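Here's data_0.cif, which has mmCIF, N, CA and C atoms:
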data_model
#
loop_
_atom_site.group_PDB
_atom_site.id
_atom_site.type_symbol
_atom_site.label_atom_id
_atom_site.label_comp_id
_atom_site.auth_asym_id
_atom_site.auth_seq_id
_atom_site.Cartn_x
_atom_site.Cartn_y
_atom_site.Cartn_z
ATOM 1 N N PHE B 824 1.250 0.209 18.274
ATOM 2 C CA PHE B 824 1.032 1.449 17.560
ATOM 3 C C PHE B 824 0.471 1.193 16.159
ATOM 4 N N TYR B 825 1.064 0.257 15.402
ATOM 5 C CA TYR B 825 0.613 0.005 14.029
ATOM 6 C C TYR B 825 -0.779 -0.618 13.986
ATOM 7 N N ALA B 826 -1.074 -1.501 14.934
ATOM 8 C CA ALA B 826 -2.406 -2.109 14.960
ATOM 9 C C ALA B 826 -3.473 -1.049 15.216
ATOM 10 N N GLU B 827 -3.186 -0.147 16.142
ATOM 11 C CA GLU B 827 -4.124 0.936 16.429
ATOM 12 C C GLU B 827 -4.267 1.857 15.218
ATOM 13 N N ALA B 828 -3.162 2.156 14.567
ATOM 14 C CA ALA B 828 -3.211 3.009 13.379
ATOM 15 C C ALA B 828 -4.048 2.350 12.282
ATOM 16 N N ALA B 829 -3.843 1.056 12.060
ATOM 17 C CA ALA B 829 -4.609 0.341 11.028
ATOM 18 C C ALA B 829 -6.100 0.399 11.343
ATOM 19 N N ARG B 830 -6.467 0.205 12.603
ATOM 20 C CA ARG B 830 -7.887 0.293 13.002
ATOM 21 C C ARG B 830 -8.446 1.684 12.710
ATOM 22 N N GLU B 831 -7.673 2.698 13.049
ATOM 23 C CA GLU B 831 -8.135 4.076 12.838
ATOM 24 C C GLU B 831 -8.297 4.389 11.350
ATOM 25 N N TYR B 832 -7.347 3.949 10.536
ATOM 26 C CA TYR B 832 -7.460 4.199 9.091
ATOM 27 C C TYR B 832 -8.651 3.459 8.500
ATOM 28 N N ARG B 833 -8.866 2.207 8.936
ATOM 29 C CA ARG B 833 -10.031 1.466 8.452
ATOM 30 C C ARG B 833 -11.322 2.174 8.864
ATOM 31 N N GLY B 834 -11.367 2.642 10.097
ATOM 32 C CA GLY B 834 -12.541 3.367 10.576
ATOM 33 C C GLY B 834 -12.794 4.630 9.776
ATOM 34 N N TYR B 835 -11.737 5.363 9.492
ATOM 35 C CA TYR B 835 -11.871 6.577 8.678
ATOM 36 C C TYR B 835 -12.401 6.226 7.297
ATOM 37 N N LEU B 836 -11.833 5.192 6.689
ATOM 38 C CA LEU B 836 -12.228 4.811 5.335
ATOM 39 C C LEU B 836 -13.651 4.265 5.271
ATOM 40 N N ASP B 837 -14.128 3.674 6.363
ATOM 41 C CA ASP B 837 -15.515 3.206 6.400
ATOM 42 C C ASP B 837 -16.487 4.366 6.198
ATOM 43 N N GLY B 838 -16.132 5.542 6.703
ATOM 44 C CA GLY B 838 -17.019 6.690 6.589
ATOM 45 C C GLY B 838 -16.627 7.679 5.509
ATOM 46 N N GLN B 839 -15.391 7.593 5.057
ATOM 47 C CA GLN B 839 -14.880 8.582 4.100
ATOM 48 C C GLN B 839 -14.165 7.913 2.929
ATOM 49 N N SER B 840 -14.720 6.842 2.400
ATOM 50 C CA SER B 840 -14.014 6.060 1.385
ATOM 51 C C SER B 840 -13.698 6.847 0.119
ATOM 52 N N GLN B 841 -14.436 7.916 -0.130
ATOM 53 C CA GLN B 841 -14.185 8.749 -1.310
ATOM 54 C C GLN B 841 -13.804 10.176 -0.920
ATOM 55 N N GLY B 842 -13.549 10.396 0.362
ATOM 56 C CA GLY B 842 -13.236 11.742 0.824
ATOM 57 C C GLY B 842 -11.875 12.222 0.366
ATOM 58 N N PRO B 843 -11.572 13.487 0.630
ATOM 59 C CA PRO B 843 -10.321 14.070 0.157
ATOM 60 C C PRO B 843 -9.068 13.422 0.755
ATOM 61 N N GLY B 844 -9.173 12.817 1.906
ATOM 62 C CA GLY B 844 -8.014 12.177 2.527
ATOM 63 C C GLY B 844 -7.975 10.669 2.335
ATOM 64 N N ALA B 845 -8.872 10.131 1.525
ATOM 65 C CA ALA B 845 -8.987 8.679 1.391
ATOM 66 C C ALA B 845 -7.735 8.037 0.800
ATOM 67 N N ALA B 846 -7.159 8.642 -0.212
ATOM 68 C CA ALA B 846 -5.969 8.048 -0.840
ATOM 69 C C ALA B 846 -4.818 7.995 0.154
ATOM 70 N N THR B 847 -4.615 9.057 0.891
ATOM 71 C CA THR B 847 -3.546 9.078 1.895
ATOM 72 C C THR B 847 -3.832 8.066 2.994
ATOM 73 N N ALA B 848 -5.079 7.971 3.429
ATOM 74 C CA ALA B 848 -5.446 7.003 4.463
ATOM 75 C C ALA B 848 -5.213 5.580 3.983
ATOM 76 N N ARG B 849 -5.539 5.284 2.719
ATOM 77 C CA ARG B 849 -5.294 3.935 2.186
ATOM 78 C C ARG B 849 -3.804 3.636 2.133
ATOM 79 N N TYR B 850 -3.016 4.610 1.705
ATOM 80 C CA TYR B 850 -1.562 4.404 1.673
ATOM 81 C C TYR B 850 -1.042 4.133 3.087
ATOM 82 N N ARG B 851 -1.455 4.929 4.034
ATOM 83 C CA ARG B 851 -0.981 4.758 5.412
ATOM 84 C C ARG B 851 -1.496 3.461 6.028
ATOM 85 N N LEU B 852 -2.704 3.052 5.659
ATOM 86 C CA LEU B 852 -3.208 1.750 6.095
ATOM 87 C C LEU B 852 -2.297 0.653 5.553
ATOM 88 N N GLY B 853 -1.918 0.763 4.292
ATOM 89 C CA GLY B 853 -0.999 -0.212 3.709
ATOM 90 C C GLY B 853 0.317 -0.261 4.457
ATOM 91 N N GLU B 854 0.866 0.886 4.818
ATOM 92 C CA GLU B 854 2.127 0.924 5.569
ATOM 93 C C GLU B 854 1.965 0.278 6.948
ATOM 94 N N ALA B 855 0.837 0.547 7.600
ATOM 95 C CA ALA B 855 0.607 -0.060 8.923
ATOM 96 C C ALA B 855 0.490 -1.572 8.799
ATOM 97 N N GLU B 856 -0.250 -2.052 7.818
ATOM 98 C CA GLU B 856 -0.388 -3.497 7.622
ATOM 99 C C GLU B 856 0.956 -4.124 7.266
ATOM 100 N N TYR B 857 1.744 -3.424 6.463
ATOM 101 C CA TYR B 857 3.081 -3.904 6.105
ATOM 102 C C TYR B 857 3.934 -4.074 7.354
ATOM 103 N N ALA B 858 3.911 -3.064 8.226
ATOM 104 C CA ALA B 858 4.695 -3.115 9.464
ATOM 105 C C ALA B 858 4.239 -4.258 10.376
ATOM 106 N N LEU B 859 2.971 -4.625 10.282
ATOM 107 C CA LEU B 859 2.428 -5.723 11.090
ATOM 108 C C LEU B 859 2.612 -7.087 10.417
ATOM 109 N N SER B 860 3.282 -7.104 9.266
ATOM 110 C CA SER B 860 3.495 -8.327 8.478
ATOM 111 C C SER B 860 2.197 -8.903 7.928
ATOM 112 N N ASN B 861 1.186 -8.073 7.800
ATOM 113 C CA ASN B 861 -0.080 -8.467 7.167
ATOM 114 C C ASN B 861 0.041 -8.123 5.678
ATOM 115 N N TYR B 862 0.827 -8.924 4.980
ATOM 116 C CA TYR B 862 1.232 -8.556 3.630
ATOM 117 C C TYR B 862 0.087 -8.542 2.621
ATOM 118 N N GLU B 863 -0.829 -9.473 2.704
ATOM 119 C CA GLU B 863 -1.963 -9.471 1.769
ATOM 120 C C GLU B 863 -2.838 -8.242 2.008
ATOM 121 N N ALA B 864 -3.090 -7.906 3.270
ATOM 122 C CA ALA B 864 -3.894 -6.726 3.581
ATOM 123 C C ALA B 864 -3.186 -5.457 3.107
ATOM 124 N N ALA B 865 -1.869 -5.409 3.290
ATOM 125 C CA ALA B 865 -1.098 -4.258 2.823
ATOM 126 C C ALA B 865 -1.171 -4.153 1.307
ATOM 127 N N LEU B 866 -1.016 -5.279 0.635
ATOM 128 C CA LEU B 866 -1.080 -5.293 -0.824
ATOM 129 C C LEU B 866 -2.437 -4.787 -1.311
ATOM 130 N N ASN B 867 -3.495 -5.218 -0.664
ATOM 131 C CA ASN B 867 -4.841 -4.763 -1.038
ATOM 132 C C ASN B 867 -4.998 -3.260 -0.854
ATOM 133 N N ALA B 868 -4.474 -2.729 0.236
ATOM 134 C CA ALA B 868 -4.577 -1.285 0.483
ATOM 135 C C ALA B 868 -3.775 -0.503 -0.550
ATOM 136 N N PHE B 869 -2.551 -0.933 -0.806
ATOM 137 C CA PHE B 869 -1.716 -0.231 -1.775
ATOM 138 C C PHE B 869 -2.308 -0.295 -3.180
ATOM 139 N N ALA B 870 -2.892 -1.426 -3.525
ATOM 140 C CA ALA B 870 -3.443 -1.599 -4.876
ATOM 141 C C ALA B 870 -4.536 -0.574 -5.184
ATOM 142 N N LEU B 871 -5.230 -0.108 -4.164
ATOM 143 C CA LEU B 871 -6.314 0.855 -4.368
ATOM 144 C C LEU B 871 -5.822 2.261 -4.708
ATOM 145 N N VAL B 872 -4.553 2.545 -4.416
ATOM 146 C CA VAL B 872 -4.038 3.901 -4.675
ATOM 147 C C VAL B 872 -2.794 3.909 -5.558
ATOM 148 N N ALA B 873 -2.281 2.749 -5.919
ATOM 149 C CA ALA B 873 -1.031 2.684 -6.670
ATOM 150 C C ALA B 873 -1.170 3.278 -8.067
ATOM 151 N N ASP B 874 -0.218 4.138 -8.406
ATOM 152 C CA ASP B 874 -0.128 4.706 -9.750
ATOM 153 C C ASP B 874 1.342 5.039 -9.987
ATOM 154 N N PRO B 875 2.040 4.200 -10.771
ATOM 155 C CA PRO B 875 3.478 4.420 -10.964
ATOM 156 C C PRO B 875 3.811 5.722 -11.679
ATOM 157 N N ALA B 876 2.859 6.314 -12.372
ATOM 158 C CA ALA B 876 3.111 7.557 -13.095
ATOM 159 C C ALA B 876 2.858 8.793 -12.236
ATOM 160 N N ALA B 877 2.256 8.609 -11.086
ATOM 161 C CA ALA B 877 1.911 9.739 -10.217
ATOM 162 C C ALA B 877 3.061 10.051 -9.264
ATOM 163 N N ALA B 878 2.900 11.135 -8.556
ATOM 164 C CA ALA B 878 3.874 11.500 -7.535
ATOM 165 C C ALA B 878 3.313 11.172 -6.153
ATOM 166 N N GLY B 879 4.145 11.259 -5.164
ATOM 167 C CA GLY B 879 3.712 11.115 -3.781
ATOM 168 C C GLY B 879 3.268 9.720 -3.406
ATOM 169 N N PRO B 880 2.246 9.634 -2.546
ATOM 170 C CA PRO B 880 1.821 8.333 -2.023
ATOM 171 C C PRO B 880 1.402 7.326 -3.091
ATOM 172 N N SER B 881 0.845 7.792 -4.185
ATOM 173 C CA SER B 881 0.409 6.857 -5.226
ATOM 174 C C SER B 881 1.602 6.138 -5.856
ATOM 175 N N ARG B 882 2.674 6.854 -6.085
ATOM 176 C CA ARG B 882 3.887 6.239 -6.630
ATOM 177 C C ARG B 882 4.537 5.321 -5.595
ATOM 178 N N LYS B 883 4.581 5.770 -4.349
ATOM 179 C CA LYS B 883 5.145 4.935 -3.288
ATOM 180 C C LYS B 883 4.334 3.651 -3.137
ATOM 181 N N ALA B 884 3.026 3.745 -3.269
ATOM 182 C CA ALA B 884 2.168 2.561 -3.173
ATOM 183 C C ALA B 884 2.475 1.589 -4.302
ATOM 184 N N ALA B 885 2.748 2.106 -5.500
ATOM 185 C CA ALA B 885 3.100 1.237 -6.625
ATOM 186 C C ALA B 885 4.411 0.500 -6.346
ATOM 187 N N LEU B 886 5.373 1.190 -5.759
ATOM 188 C CA LEU B 886 6.636 0.546 -5.389
ATOM 189 C C LEU B 886 6.412 -0.515 -4.316
ATOM 190 N N ARG B 887 5.618 -0.189 -3.327
ATOM 191 C CA ARG B 887 5.319 -1.154 -2.259
ATOM 192 C C ARG B 887 4.618 -2.390 -2.810
ATOM 193 N N GLU B 888 3.752 -2.199 -3.804
ATOM 194 C CA GLU B 888 3.095 -3.352 -4.435
ATOM 195 C C GLU B 888 4.138 -4.333 -4.951
ATOM 196 N N GLY B 889 5.111 -3.814 -5.668
ATOM 197 C CA GLY B 889 6.163 -4.672 -6.191
ATOM 198 C C GLY B 889 6.941 -5.369 -5.090
ATOM 199 N N GLU B 890 7.276 -4.640 -4.049
ATOM 200 C CA GLU B 890 8.000 -5.223 -2.912
ATOM 201 C C GLU B 890 7.194 -6.342 -2.264
ATOM 202 N N LEU B 891 5.912 -6.090 -2.058
ATOM 203 C CA LEU B 891 5.063 -7.086 -1.402
ATOM 204 C C LEU B 891 4.851 -8.311 -2.274
ATOM 205 N N LEU B 892 4.660 -8.111 -3.550
ATOM 206 C CA LEU B 892 4.502 -9.259 -4.444
ATOM 207 C C LEU B 892 5.755 -10.134 -4.407
ATOM 208 N N TYR B 893 6.910 -9.502 -4.373
ATOM 209 C CA TYR B 893 8.161 -10.262 -4.268
ATOM 210 C C TYR B 893 8.212 -11.030 -2.944
ATOM 211 N N ARG B 894 7.892 -10.343 -1.866
ATOM 212 C CA ARG B 894 7.913 -10.968 -0.530
ATOM 213 C C ARG B 894 6.952 -12.156 -0.456
ATOM 214 N N LEU B 895 5.845 -12.050 -1.181
ATOM 215 C CA LEU B 895 4.848 -13.126 -1.189
ATOM 216 C C LEU B 895 5.185 -14.243 -2.181
ATOM 217 N N GLY B 896 6.332 -14.135 -2.824
ATOM 218 C CA GLY B 896 6.767 -15.175 -3.747
ATOM 219 C C GLY B 896 6.143 -15.082 -5.126
ATOM 220 N N ARG B 897 5.508 -13.991 -5.419
ATOM 221 C CA ARG B 897 4.859 -13.790 -6.718
ATOM 222 C C ARG B 897 5.809 -12.972 -7.595
ATOM 223 N N HIS B 898 6.932 -13.599 -7.925
ATOM 224 C CA HIS B 898 8.058 -12.897 -8.523
ATOM 225 C C HIS B 898 7.760 -12.317 -9.909
ATOM 226 N N GLY B 899 7.033 -13.032 -10.731
ATOM 227 C CA GLY B 899 6.681 -12.506 -12.046
ATOM 228 C C GLY B 899 5.840 -11.249 -11.945
ATOM 229 N N GLU B 900 4.851 -11.281 -11.050
ATOM 230 C CA GLU B 900 4.003 -10.112 -10.839
ATOM 231 C C GLU B 900 4.804 -8.959 -10.247
ATOM 232 N N ALA B 901 5.736 -9.298 -9.347
ATOM 233 C CA ALA B 901 6.587 -8.275 -8.737
ATOM 234 C C ALA B 901 7.434 -7.581 -9.797
ATOM 235 N N ALA B 902 8.035 -8.377 -10.677
ATOM 236 C CA ALA B 902 8.874 -7.796 -11.735
ATOM 237 C C ALA B 902 8.050 -6.869 -12.630
ATOM 238 N N ALA B 903 6.860 -7.294 -12.997
ATOM 239 C CA ALA B 903 6.009 -6.466 -13.843
ATOM 240 C C ALA B 903 5.632 -5.164 -13.138
ATOM 241 N N ALA B 904 5.287 -5.243 -11.864
ATOM 242 C CA ALA B 904 4.908 -4.047 -11.106
ATOM 243 C C ALA B 904 6.092 -3.096 -10.977
ATOM 244 N N LEU B 905 7.264 -3.625 -10.679
ATOM 245 C CA LEU B 905 8.446 -2.775 -10.519
ATOM 246 C C LEU B 905 8.914 -2.198 -11.849
ATOM 247 N N ASP B 906 8.731 -2.955 -12.930
ATOM 248 C CA ASP B 906 9.055 -2.424 -14.265
ATOM 249 C C ASP B 906 8.204 -1.199 -14.583
ATOM 250 N N LYS B 907 6.930 -1.225 -14.177
ATOM 251 C CA LYS B 907 6.057 -0.067 -14.405
ATOM 252 C C LYS B 907 6.546 1.155 -13.631
ATOM 253 N N VAL B 908 7.014 0.930 -12.411
ATOM 254 C CA VAL B 908 7.541 2.034 -11.614
ATOM 255 C C VAL B 908 8.816 2.575 -12.269
ATOM 256 N N ALA B 909 9.705 1.672 -12.668
ATOM 257 C CA ALA B 909 10.972 2.085 -13.276
ATOM 258 C C ALA B 909 10.756 2.812 -14.596
ATOM 259 N N ALA B 910 9.713 2.463 -15.309
ATOM 260 C CA ALA B 910 9.436 3.095 -16.599
ATOM 261 C C ALA B 910 9.096 4.577 -16.451
ATOM 262 N N HIS B 911 8.734 4.986 -15.254
ATOM 263 C CA HIS B 911 8.348 6.381 -15.016
ATOM 264 C C HIS B 911 9.404 7.171 -14.267
ATOM 265 N N ASP B 912 10.612 6.629 -14.207
ATOM 266 C CA ASP B 912 11.732 7.371 -13.586
ATOM 267 C C ASP B 912 12.322 8.351 -14.558
#
Represent the structure from my file as structure tokens, please.
Amino acid sequence: FYAEAAREYRGYLDGQSQGPGAATARYRLGEAEYALSNYEAALNAFALVADPAAAGPSRKAALREGELLYRLGRHGEAAAALDKVAAHD
């Protein structure tokens, strides 16, 4: 299911990279890649929409960035990313 979803989101973004649903598609692509343990690909997708000061998917993407950086052993970067999210609570 997640592999198919990731393919579909990538396909959508190939044609609609700046469309009205692009940010949501990038966030969902990141979630699909995360579920598939494709952590670098997930991190790349989340990085395109992450905004710790925003609401909704952009804020969730910022949190996921921190989680993924930690999982990838990039602890200093993870702490900095999560501090930015916490600063907007």
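Residues in contact with B:Arg882 at 8 Å, where all atoms listed in the file are counted and same-chain residues fewer than 5 positions away are skipped, are listed as Val872, Ala873, Asp874, Pro875, Ala876, Ala877, Arg887, Glu888 and Val908 of chain B.
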Using N, CA and C atoms, can you write the selected residues to a file as a PDB file, in the coordinates of the input?
ATOM      1  N   VAL B 872      -4.553   2.545  -4.416  1.00  0.00           N
ATOM      2  CA  VAL B 872      -4.038   3.901  -4.675  1.00  0.00           C
ATOM      3  C   VAL B 872      -2.794   3.909  -5.558  1.00  0.00           C
ATOM      4  N   ALA B 873      -2.281   2.749  -5.919  1.00  0.00           N
ATOM      5  CA  ALA B 873      -1.031   2.684  -6.670  1.00  0.00           C
ATOM      6  C   ALA B 873      -1.170   3.278  -8.067  1.00  0.00           C
ATOM      7  N   ASP B 874      -0.218   4.138  -8.406  1.00  0.00           N
ATOM      8  CA  ASP B 874      -0.128   4.706  -9.750  1.00  0.00           C
ATOM      9  C   ASP B 874       1.342   5.039  -9.987  1.00  0.00           C
ATOM     10  N   PRO B 875       2.040   4.200 -10.771  1.00  0.00           N
ATOM     11  CA  PRO B 875       3.478   4.420 -10.964  1.00  0.00           C
ATOM     12  C   PRO B 875       3.811   5.722 -11.679  1.00  0.00           C
ATOM     13  N   ALA B 876       2.859   6.314 -12.372  1.00  0.00           N
ATOM     14  CA  ALA B 876       3.111   7.557 -13.095  1.00  0.00           C
ATOM     15  C   ALA B 876       2.858   8.793 -12.236  1.00  0.00           C
ATOM     16  N   ALA B 877       2.256   8.609 -11.086  1.00  0.00           N
ATOM     17  CA  ALA B 877       1.911   9.739 -10.217  1.00  0.00           C
ATOM     18  C   ALA B 877       3.061  10.051  -9.264  1.00  0.00           C
ATOM     19  N   ARG B 887       5.618  -0.189  -3.327  1.00  0.00           N
ATOM     20  CA  ARG B 887       5.319  -1.154  -2.259  1.00  0.00           C
ATOM     21  C   ARG B 887       4.618  -2.390  -2.810  1.00  0.00           C
ATOM     22  N   GLU B 888       3.752  -2.199  -3.804  1.00  0.00           N
ATOM     23  CA  GLU B 888       3.095  -3.352  -4.435  1.00  0.00           C
ATOM     24  C   GLU B 888       4.138  -4.333  -4.951  1.00  0.00           C
ATOM     25  N   VAL B 908       7.014   0.930 -12.411  1.00  0.00           N
ATOM     26  CA  VAL B 908       7.541   2.034 -11.614  1.00  0.00           C
ATOM     27  C   VAL B 908       8.816   2.575 -12.269  1.00  0.00           C
TER      28      VAL B 908
END
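For the set B:Leu895, B:Leu836, B:Leu871, B:Ala829, the residue with the smallest atom-to-atom gap to B:Leu852 is B:Ala829, counting only C-alpha atoms.
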Kindly provide, as a list of chain:residue names, the polymer residues lying within 8 Å of (9.5, 11.1, -12.7), counting only C-alpha atoms and using the coordinates exactly as they appear in the file. B:Ala876, B:Ala878, B:His911, B:Asp912
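You will find atom N of B:Ala904 at 16.4 Å from atom CA of B:Tyr862.
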Within 8 Å of file point (8.7, -6.4, -6.0), counting only N, CA and C atoms, expressed as a list in words: Leu886, Arg887, Glu888, Gly889, Glu890, Leu891, Leu892, Tyr893, Arg894, Leu895, Arg897, His898, Glu900, Ala901, Ala902, Ala903, Ala904, Leu905 and Asp906 of chain B
How many Å separate atom N of B:Glu831 from atom C of B:Ala848? 9.8 Å
Name the residues of chain B that come out as helix (DSSP H, G or I) in a backbone DSSP run; write them as a PyMOL selection string. chain B and resi 825-838+845-858+862-870+880-894+898-909
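Going from atom CA of B:Arg833 to atom N of B:Arg849 covers 8.2 Å.
Candidate residues B:Ala864, B:Leu859, B:Gly834, B:Pro880 were compared for distance to B:Thr847, and the nearest is B:Pro880, using all atoms listed in the file.
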If I wrap all listed atoms of stretch 853-858 of chain B in a box with edges along x, y and z and add 4 Å on each side, what are its centre and edge lengths in Å to one decimal, as AutoDock Vina command-line options?
--center_x 1.4 --center_y -1.7 --center_z 7.0 --size_x 14.6 --size_y 13.2 --size_z 14.7
